[in-house]
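Q: Can you keep this structure in mind? I'll have questions shortly.
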Amino acid sequence: MTREELGFELMRIWDKDKKTVIFVTHNITEAILLADRVVAMTPRPGRIARVVEVDLARPRTIDMEFTEKFKSYSNQIREVIYHGPGASRP
């Protein structure tokens, strides 16, 4: 089973049972695809830099990755990771 297949299996199980899941990943695309809320952390010491609420329809599909809304979420998270929680882009 690939990582991508495992992610979709997790979503299937979640859809059936509706349990809270805390999933830790370093993959921004995976985080957005699986989550309703992405918590971006600062480097050491790890603190919450920003919480991004993900408002994408369910069931999620891999094609969503190519939408403007998905790219917007990705850009928000990358901004925090690469420029810090309060930094503005040069």
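The chains in the structure tokens are called A, B, ... from first to last as shown; in each chain the residues are counted from 1, and the ligands are counted from 1 in the order shown.
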Please extract the residues of chain A with a backbone DSSP assignment of alpha helix (DSSP H) and present them as a PyMOL selection string.
A: chain A and resi 3-17+28-34+68-83
Q: Got a sec: who's within 12 Å of Arg47 (chain A), counting only C-alpha atoms, leaving out chain neighbours fewer than 6 positions off, as an MDAnalysis selection string?
A: chainID A and resid 39:41 80:81 84:85
Q: Output the selection as a PDB file, in the first residue's frame - all heavy atoms for each residue.
A:
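And here is the file that came out, again06.pdb:
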ATOM      1  N   VAL A  39      -2.089  22.666  11.484  1.00  0.00           N
ATOM      2  CA  VAL A  39      -1.361  23.476  12.458  1.00  0.00           C
ATOM      3  C   VAL A  39       0.092  23.543  11.999  1.00  0.00           C
ATOM      4  O   VAL A  39       0.795  22.537  11.990  1.00  0.00           O
ATOM      5  CB  VAL A  39      -1.458  22.867  13.875  1.00  0.00           C
ATOM      6  CG1 VAL A  39      -0.668  23.698  14.871  1.00  0.00           C
ATOM      7  CG2 VAL A  39      -2.914  22.736  14.304  1.00  0.00           C
ATOM      8  N   ALA A  40       0.531  24.728  11.586  1.00  0.00           N
ATOM      9  CA  ALA A  40       1.920  24.939  11.161  1.00  0.00           C
ATOM     10  C   ALA A  40       2.729  25.329  12.386  1.00  0.00           C
ATOM     11  O   ALA A  40       2.320  26.200  13.156  1.00  0.00           O
ATOM     12  CB  ALA A  40       1.995  26.025  10.098  1.00  0.00           C
ATOM     13  N   MET A  41       3.861  24.672  12.561  1.00  0.00           N
ATOM     14  CA  MET A  41       4.700  24.878  13.751  1.00  0.00           C
ATOM     15  C   MET A  41       5.966  25.659  13.404  1.00  0.00           C
ATOM     16  O   MET A  41       6.433  25.633  12.276  1.00  0.00           O
ATOM     17  CB  MET A  41       5.099  23.513  14.332  1.00  0.00           C
ATOM     18  CG  MET A  41       3.939  22.588  14.648  1.00  0.00           C
ATOM     19  SD  MET A  41       2.945  23.118  16.035  1.00  0.00           S
ATOM     20  CE  MET A  41       4.083  22.848  17.374  1.00  0.00           C
ATOM     21  N   VAL A  80       4.279  30.587   6.242  1.00  0.00           N
ATOM     22  CA  VAL A  80       4.634  30.458   7.660  1.00  0.00           C
ATOM     23  C   VAL A  80       5.934  29.683   7.823  1.00  0.00           C
ATOM     24  O   VAL A  80       6.823  30.078   8.575  1.00  0.00           O
ATOM     25  CB  VAL A  80       3.503  29.755   8.450  1.00  0.00           C
ATOM     26  CG1 VAL A  80       3.936  29.434   9.863  1.00  0.00           C
ATOM     27  CG2 VAL A  80       2.258  30.608   8.453  1.00  0.00           C
ATOM     28  N   ILE A  81       6.061  28.561   7.102  1.00  0.00           N
ATOM     29  CA  ILE A  81       7.244  27.718   7.248  1.00  0.00           C
ATOM     30  C   ILE A  81       8.505  28.435   6.796  1.00  0.00           C
ATOM     31  O   ILE A  81       9.538  28.406   7.468  1.00  0.00           O
ATOM     32  CB  ILE A  81       7.057  26.399   6.467  1.00  0.00           C
ATOM     33  CG1 ILE A  81       5.980  25.547   7.155  1.00  0.00           C
ATOM     34  CG2 ILE A  81       8.368  25.632   6.357  1.00  0.00           C
ATOM     35  CD1 ILE A  81       5.548  24.340   6.353  1.00  0.00           C
ATOM     36  N   GLY A  84       8.232  32.597   8.532  1.00  0.00           N
ATOM     37  CA  GLY A  84       7.877  32.805   9.926  1.00  0.00           C
ATOM     38  C   GLY A  84       6.443  33.287  10.077  1.00  0.00           C
ATOM     39  O   GLY A  84       5.833  33.750   9.130  1.00  0.00           O
ATOM     40  N   PRO A  85       5.915  33.168  11.295  1.00  0.00           N
ATOM     41  CA  PRO A  85       4.499  33.491  11.517  1.00  0.00           C
ATOM     42  C   PRO A  85       4.143  34.943  11.303  1.00  0.00           C
ATOM     43  O   PRO A  85       3.027  35.258  10.914  1.00  0.00           O
ATOM     44  CB  PRO A  85       4.259  33.075  12.974  1.00  0.00           C
ATOM     45  CG  PRO A  85       5.595  32.953  13.591  1.00  0.00           C
ATOM     46  CD  PRO A  85       6.572  32.683  12.484  1.00  0.00           C
TER      47      PRO A  85
END
Q: Find the distance between CA of Thr29 (chain A) and CA of Arg78 (chain A) and write it in Å to one decimal.
A: 10.6 Å
Q: From the list A:Pro43, A:Thr61, A:Phe70, A:Ile28, which residue is nearest His83 (chain A) when using only C-alpha atoms?
A: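 For His83 (chain A), the nearest of the given residues is A:Pro43.
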Q: Check the smallest atom-to-atom distance from each of A:Gln76, A:Thr67, A:Thr20, A:Asn27 to Ala49 (chain A) using only C-alpha atoms, then report the winner.
A: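 Of all the options, A:Gln76 lies closest to Ala49 (chain A).
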Q: Could you give me, as a PyMOL selection string, the residues within 12 Å of Ser72 (chain A), counting only C-alpha atoms and dropping anything in the same chain fewer than 4 positions from it?
A: chain A and resi 28-29+32+52-56+64-68+76-79
Q: Do you have the CA of Gly7 (chain A)-CA of Lys71 (chain A) distance handy?
A: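 Atom-to-atom, CA of Gly7 (chain A) to CA of Lys71 (chain A), that is 19.0 Å.
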Q: To one decimal place in Å, what is the distance between CA of Ser74 (chain A) and CA of Gly86 (chain A)?
A: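 Value for the CA of Ser74 (chain A)-CA of Gly86 (chain A) distance: 16.9 Å.
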Q: Of the candidates A:Met1, A:Leu33, A:Val21, A:Val38, which shows the shortest atom-to-atom distance to Arg50 (chain A), using only C-alpha atoms?
A: A:Val38
Q: Nearest to Glu9 (chain A): which of A:Arg44, A:Arg60, A:His26, A:Arg37 is it, counting only C-alpha atoms?
A: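 Going through A:Arg44, A:Arg60, A:His26, A:Arg37 one by one, the smallest distance to Glu9 (chain A) is for A:Arg60.
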Q: Please identify all polymer residues within 12 Å of Met11 (chain A), counting only C-alpha atoms, omitting same-chain residues fewer than 2 positions from it, and present them as a PyMOL selection string.
A: chain A and resi 4-9+13-21+23+30-31+33-36+58-61
Q: From the DSSP assignment of the backbone, select every residue of chain A that is strand (DSSP E), and format the answer as number ranges by chain.
A: A: 37-41, 48-53
